[in-house]
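**Q** Below you'll find the structure I mean.
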Amino acid sequence: MRTRIENKQYSEERALYNIIDTDVVNVTFAGIEDGESVLKEIRNCNVSHCNFSLRYPLWHAEVFNLTHSTLDELTRAPIWYSNNGNITHTTIKGVKPVRECNNINIQFCIIDTIEFGWKCSNLNIENSTIHGPYLLLDSSNIKINNFTMSGKYSFQYVKNLHINNSTLDTKDAFWHAENVVVENSTVKGEYLGWYSKNLTFINCHIIGTQPLCYCENLKLINCTMEQTDLAFEYSSVNANIIGHIDSIKNPLSGNITCDSVGEIIFDSTVKECLGEISIRNKEIA
């Protein structure tokens, strides 16, 4: 039999510690006691229409739903070491949310924070917006769809990531990433994808200087590029680009096909560069 906690306010330490089979509805976690860990070690709980303004809620949670709630700037480090959760229709502004978690679904959320989703596995993110410089560092097995993000250093050291129908406004994204597929998306970022392995873009629009250098097994399929100078340096790459590339520098191996290129640079190499560049049926190098 389930328990229901409704229309309450809690501010003490571990206010609802280790509750099981419980629905928490329209509860405010705030107050002068400024207690930490208000929902720690919970099991099989639904948390809805709640407001959080205390540190470290939802640590070590197992099987939970968090919906239609707000976690403000004072809600430091929410949702750590938790498994099998759904977070929907929720606004998160507390710093460092969702860390070392497994099997978390995030839908229809607005997240504005410095760090999000570090060292997690089996994440599914849909129909959501995230703003913040450090997104999903060192996480794995991630699916993202209909997603908008802005931030500088996203998707670094990620493994097994699939992104679809999204807009990414970033900078040093996908550095040291492995086994990543991005489809039907716009990706804006300086120094995109350096040191990545098995990075694939399909039907994407890529914007920004010096993209995709030092990559291993890089693939671009039916992509467009804008303001992309000094691209592909020391990368093993197979790319089919629709339209123009500003400049290409020292591709290590593979083939790059495009409609036009502003400049092709093969000089000052520290590695033997054998990459081929073709302008639609005319081999250039």
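By order of appearance in the structure tokens: chains A, B, ..., then residues from 1 within every chain, and ligands from 1 in the order shown.
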Could you pull the residues within 8 Å of region 259-266 of chain A, counting only C-alpha atoms, minus those fewer than 2 positions along the same chain, as a list in words?

**A** Ile241, Ile242, Gly243, His244, Ile245, Asp246, Ser247, Ile248, Lys249, Asn250, Thr257, Ser268, Thr269, Cys273, Ile279 and Arg280 of chain A

**Q** For Val25 (chain A), list every protein, DNA or RNA residue within 9 Å, evaluated using only C-alpha atoms, and leave out those in the same chain fewer than 4 positions away; present the list as a list in words.

**A** Arg4, Ile5, Glu6, Asn7, Lys8, Asn46, Val47, Ser48, His49 and Cys50 of chain A

**Q** One decimal, Å: what's the distance from CA of Asp169 (chain A) over to CA of Asn122 (chain A), could you say?

**A**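 A separation of 23.3 Å between them.
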
**Q** Give me the residues near region 180-185 of chain A as a ChimeraX atom specification, where near means some atom within 12 Å (using only C-alpha atoms) and where sequence neighbours in that chain fewer than 4 positions away do not count.

**A** /A:139-149,155-169,173-176,193,196-207,216-224

**Q** Once you count only C-alpha atoms, what closest atom pair and distance in Å to one decimal does each residue of region 77-124 of chain A within 7 Å of region 63-70 of chain A have, with rows by chain and rising residue number, as a tab-separated table?

**A**
residue	atom	partner	partner_atom	distance
A:Asn83	CA	A:Val63	CA	6.4
A:Asn84	CA	A:Val63	CA	4.8
A:Gly85	CA	A:Phe64	CA	4.7
A:Asn86	CA	A:Asn65	CA	4.7
A:Ile87	CA	A:Leu66	CA	4.8
A:Thr88	CA	A:Thr67	CA	4.7
A:His89	CA	A:His68	CA	4.8
A:Thr90	CA	A:Ser69	CA	4.9
A:Thr91	CA	A:Thr70	CA	4.9
A:Ile92	CA	A:Thr70	CA	6.0

**Q** Kindly save the residues from that selection, with all heavy atoms included, as a PDB file, in the first residue's frame.

**A**
ATOM      1  N   ASN A  83      19.385   5.563  -9.655  1.00  0.00           N
ATOM      2  CA  ASN A  83      19.148   4.633 -10.749  1.00  0.00           C
ATOM      3  C   ASN A  83      17.664   4.494 -11.061  1.00  0.00           C
ATOM      4  O   ASN A  83      16.821   4.607 -10.181  1.00  0.00           O
ATOM      5  CB  ASN A  83      19.704   3.247 -10.384  1.00  0.00           C
ATOM      6  CG  ASN A  83      21.179   3.273 -10.053  1.00  0.00           C
ATOM      7  OD1 ASN A  83      21.989   3.759 -10.836  1.00  0.00           O
ATOM      8  ND2 ASN A  83      21.532   2.764  -8.886  1.00  0.00           N
ATOM      9  N   ASN A  84      17.400   4.244 -12.356  1.00  0.00           N
ATOM     10  CA  ASN A  84      16.049   3.904 -12.798  1.00  0.00           C
ATOM     11  C   ASN A  84      15.041   5.002 -12.459  1.00  0.00           C
ATOM     12  O   ASN A  84      14.088   4.794 -11.713  1.00  0.00           O
ATOM     13  CB  ASN A  84      15.606   2.567 -12.184  1.00  0.00           C
ATOM     14  CG  ASN A  84      16.576   1.450 -12.502  1.00  0.00           C
ATOM     15  OD1 ASN A  84      16.946   1.241 -13.654  1.00  0.00           O
ATOM     16  ND2 ASN A  84      17.026   0.749 -11.466  1.00  0.00           N
ATOM     17  N   GLY A  85      15.298   6.186 -13.021  1.00  0.00           N
ATOM     18  CA  GLY A  85      14.440   7.329 -12.741  1.00  0.00           C
ATOM     19  C   GLY A  85      13.937   8.011 -13.988  1.00  0.00           C
ATOM     20  O   GLY A  85      14.542   7.943 -15.062  1.00  0.00           O
ATOM     21  N   ASN A  86      12.798   8.695 -13.850  1.00  0.00           N
ATOM     22  CA  ASN A  86      12.230   9.531 -14.899  1.00  0.00           C
ATOM     23  C   ASN A  86      12.131  10.961 -14.378  1.00  0.00           C
ATOM     24  O   ASN A  86      11.574  11.191 -13.300  1.00  0.00           O
ATOM     25  CB  ASN A  86      10.841   9.034 -15.290  1.00  0.00           C
ATOM     26  CG  ASN A  86      10.868   7.634 -15.864  1.00  0.00           C
ATOM     27  OD1 ASN A  86      11.507   7.379 -16.876  1.00  0.00           O
ATOM     28  ND2 ASN A  86      10.176   6.710 -15.211  1.00  0.00           N
ATOM     29  N   ILE A  87      12.673  11.902 -15.150  1.00  0.00           N
ATOM     30  CA  ILE A  87      12.597  13.323 -14.797  1.00  0.00           C
ATOM     31  C   ILE A  87      11.869  14.021 -15.940  1.00  0.00           C
ATOM     32  O   ILE A  87      12.369  14.059 -17.074  1.00  0.00           O
ATOM     33  CB  ILE A  87      13.992  13.925 -14.595  1.00  0.00           C
ATOM     34  CG1 ILE A  87      14.787  13.126 -13.558  1.00  0.00           C
ATOM     35  CG2 ILE A  87      13.891  15.383 -14.168  1.00  0.00           C
ATOM     36  CD1 ILE A  87      16.251  13.510 -13.463  1.00  0.00           C
ATOM     37  N   THR A  88      10.676  14.549 -15.690  1.00  0.00           N
ATOM     38  CA  THR A  88       9.870  15.125 -16.752  1.00  0.00           C
ATOM     39  C   THR A  88       9.270  16.458 -16.323  1.00  0.00           C
ATOM     40  O   THR A  88       8.977  16.678 -15.146  1.00  0.00           O
ATOM     41  CB  THR A  88       8.725  14.173 -17.152  1.00  0.00           C
ATOM     42  OG1 THR A  88       7.859  13.961 -16.036  1.00  0.00           O
ATOM     43  CG2 THR A  88       9.268  12.825 -17.601  1.00  0.00           C
ATOM     44  N   HIS A  89       9.098  17.354 -17.291  1.00  0.00           N
ATOM     45  CA  HIS A  89       8.434  18.640 -17.074  1.00  0.00           C
ATOM     46  C   HIS A  89       8.991  19.352 -15.830  1.00  0.00           C
ATOM     47  O   HIS A  89       8.242  19.871 -15.001  1.00  0.00           O
ATOM     48  CB  HIS A  89       6.923  18.435 -16.931  1.00  0.00           C
ATOM     49  CG  HIS A  89       6.278  17.850 -18.145  1.00  0.00           C
ATOM     50  ND1 HIS A  89       5.973  18.584 -19.268  1.00  0.00           N
ATOM     51  CD2 HIS A  89       5.892  16.573 -18.415  1.00  0.00           C
ATOM     52  CE1 HIS A  89       5.408  17.796 -20.169  1.00  0.00           C
ATOM     53  NE2 HIS A  89       5.365  16.581 -19.690  1.00  0.00           N
ATOM     54  N   THR A  90      10.295  19.356 -15.730  1.00  0.00           N
ATOM     55  CA  THR A  90      10.947  19.893 -14.534  1.00  0.00           C
ATOM     56  C   THR A  90      12.018  20.914 -14.920  1.00  0.00           C
ATOM     57  O   THR A  90      12.701  20.752 -15.929  1.00  0.00           O
ATOM     58  CB  THR A  90      11.544  18.738 -13.707  1.00  0.00           C
ATOM     59  OG1 THR A  90      10.466  17.990 -13.113  1.00  0.00           O
ATOM     60  CG2 THR A  90      12.456  19.230 -12.612  1.00  0.00           C
ATOM     61  N   THR A  91      12.154  21.949 -14.106  1.00  0.00           N
ATOM     62  CA  THR A  91      13.195  22.955 -14.283  1.00  0.00           C
ATOM     63  C   THR A  91      14.271  22.746 -13.228  1.00  0.00           C
ATOM     64  O   THR A  91      13.967  22.673 -12.038  1.00  0.00           O
ATOM     65  CB  THR A  91      12.610  24.376 -14.166  1.00  0.00           C
ATOM     66  OG1 THR A  91      11.648  24.573 -15.213  1.00  0.00           O
ATOM     67  CG2 THR A  91      13.712  25.416 -14.296  1.00  0.00           C
ATOM     68  N   ILE A  92      15.516  22.634 -13.687  1.00  0.00           N
ATOM     69  CA  ILE A  92      16.638  22.404 -12.777  1.00  0.00           C
ATOM     70  C   ILE A  92      17.653  23.534 -12.955  1.00  0.00           C
ATOM     71  O   ILE A  92      18.194  23.730 -14.048  1.00  0.00           O
ATOM     72  CB  ILE A  92      17.311  21.052 -13.042  1.00  0.00           C
ATOM     73  CG1 ILE A  92      16.308  19.907 -12.881  1.00  0.00           C
ATOM     74  CG2 ILE A  92      18.504  20.857 -12.116  1.00  0.00           C
ATOM     75  CD1 ILE A  92      16.869  18.536 -13.224  1.00  0.00           C
TER      76      ILE A  92
END

**Q** Which is closest to Lys188 (chain A) among A:Thr113, A:Ser154, A:Asn238, A:Ser82, if we use only C-alpha atoms?

**A**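 For Lys188 (chain A), the nearest of the candidates is A:Ser154.
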
**Q** Considering only C-alpha atoms, return as a short mmCIF file (atom, residue, chain, number, x, y, z; two decimals) with N, CA and C atoms, in the first residue's frame whatever protein or nucleic-acid residues lie within 10 Å of Leu274 (chain A), sequence-local ones (same chain, fewer than 3 positions apart) excluded.

**A**
data_model
loop_
_atom_site.label_atom_id
_atom_site.label_comp_id
_atom_site.auth_asym_id
_atom_site.auth_seq_id
_atom_site.Cartn_x
_atom_site.Cartn_y
_atom_site.Cartn_z
N TYR A 234 45.17 16.13 -39.71
CA TYR A 234 45.64 14.87 -39.14
C TYR A 234 44.49 13.92 -38.77
N SER A 236 41.84 10.79 -39.96
CA SER A 236 41.45 9.77 -40.93
C SER A 236 39.95 9.94 -41.15
N ASN A 250 45.92 19.28 -44.25
CA ASN A 250 46.67 18.08 -43.89
C ASN A 250 45.80 16.91 -43.41
N PRO A 251 44.81 16.49 -44.21
CA PRO A 251 44.08 15.28 -43.81
C PRO A 251 45.00 14.06 -43.85
N LEU A 252 44.92 13.24 -42.83
CA LEU A 252 45.86 12.13 -42.69
C LEU A 252 45.60 11.03 -43.70
N SER A 253 44.32 10.64 -43.83
CA SER A 253 43.97 9.57 -44.76
C SER A 253 42.49 9.64 -45.08
N GLY A 254 42.07 8.86 -46.08
CA GLY A 254 40.68 8.83 -46.47
C GLY A 254 40.38 9.76 -47.62
N ASN A 255 39.11 10.10 -47.78
CA ASN A 255 38.66 10.91 -48.90
C ASN A 255 37.66 11.95 -48.45
N PHE A 266 48.65 21.49 -47.78
CA PHE A 266 49.49 20.35 -47.42
C PHE A 266 50.88 20.91 -47.14
N LYS A 271 53.27 14.52 -39.77
CA LYS A 271 52.88 13.15 -40.10
C LYS A 271 52.75 13.04 -41.61
N ILE A 277 41.36 14.63 -51.70
CA ILE A 277 40.31 15.65 -51.75
C ILE A 277 39.77 15.70 -53.16
N ALA A 285 43.73 16.16 -54.98
CA ALA A 285 44.96 15.78 -54.28
C ALA A 285 44.80 14.38 -53.72
#

**Q** Rank nothing, just name the residue among A:Glu100, A:Glu233, A:Glu33, A:Glu12 nearest to Tyr214 (chain A), using only C-alpha atoms.

**A** A:Glu233

**Q** With distances taken over only C-alpha atoms, which of A:Ser235, A:Asn26, A:Ser150, A:Asn105 is nearest to Glu126 (chain A)?

**A**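 Of the candidates, the smallest distance to Glu126 (chain A) is held by A:Asn105.
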
**Q** Excluding Asp34 (chain A) and its own-chain neighbours fewer than 5 positions away, which residues fall within 8 Å of it when counting only C-alpha atoms? Please give them as a VMD selection string.

**A** chain A and resid 11 to 13 54

**Q** Among region 83-155 of chain A, which residues carry a DSSP assignment of strand (DSSP E or B), reported as a VMD selection string?

**A** chain A and resid 83 to 88 91 to 92 99 102 to 107 110 to 112 115 to 116 121 to 131 134 to 135 140 to 150

**Q** Might you pull out every residue within 7 Å of Asp72 (chain A), with only C-alpha atoms counted and same-chain residues fewer than 2 positions away left off, and present them as a list of chain:residue names?

**A**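 Residues near the query, excluding close chain neighbours: A:Phe52, A:Ser53, A:Thr70, A:Leu74, A:Thr75, A:Ile92, A:Lys93, A:Gly94.
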
**Q** Residues within 9 Å of Gln9 (chain A), please, as a PDB file with N, CA, C and O atoms, in the first residue's frame. Count only C-alpha atoms; anything in the same chain fewer than 4 positions from it doesn't count.

**A**
ATOM      1  N   ASN A  26       3.182  18.315  -4.160  1.00  0.00           N
ATOM      2  CA  ASN A  26       3.040  19.710  -3.745  1.00  0.00           C
ATOM      3  C   ASN A  26       3.725  19.977  -2.402  1.00  0.00           C
ATOM      4  O   ASN A  26       3.149  20.548  -1.482  1.00  0.00           O
ATOM      5  N   VAL A  27       4.970  19.572  -2.327  1.00  0.00           N
ATOM      6  CA  VAL A  27       5.764  19.761  -1.120  1.00  0.00           C
ATOM      7  C   VAL A  27       6.894  20.751  -1.424  1.00  0.00           C
ATOM      8  O   VAL A  27       7.518  20.697  -2.481  1.00  0.00           O
ATOM      9  N   THR A  28       7.162  21.633  -0.468  1.00  0.00           N
ATOM     10  CA  THR A  28       8.272  22.582  -0.578  1.00  0.00           C
ATOM     11  C   THR A  28       9.394  22.161   0.360  1.00  0.00           C
ATOM     12  O   THR A  28       9.160  21.913   1.547  1.00  0.00           O
ATOM     13  N   PHE A  29      10.583  22.057  -0.199  1.00  0.00           N
ATOM     14  CA  PHE A  29      11.760  21.720   0.596  1.00  0.00           C
ATOM     15  C   PHE A  29      12.613  22.980   0.719  1.00  0.00           C
ATOM     16  O   PHE A  29      13.448  23.286  -0.143  1.00  0.00           O
ATOM     17  N   ALA A  30      12.406  23.737   1.798  1.00  0.00           N
ATOM     18  CA  ALA A  30      13.102  25.001   2.034  1.00  0.00           C
ATOM     19  C   ALA A  30      12.829  25.440   3.458  1.00  0.00           C
ATOM     20  O   ALA A  30      11.884  24.984   4.092  1.00  0.00           O
ATOM     21  N   GLY A  31      13.681  26.336   3.965  1.00  0.00           N
ATOM     22  CA  GLY A  31      13.428  26.876   5.300  1.00  0.00           C
ATOM     23  C   GLY A  31      14.694  27.183   6.062  1.00  0.00           C
ATOM     24  O   GLY A  31      15.812  26.883   5.617  1.00  0.00           O
TER      25      GLY A  31
END

**Q** Pick from A:Leu230, A:Leu137, A:Ala61, A:Ile20: nearest to Asn103 (chain A), with only C-alpha atoms counted?

**A** A:Ala61
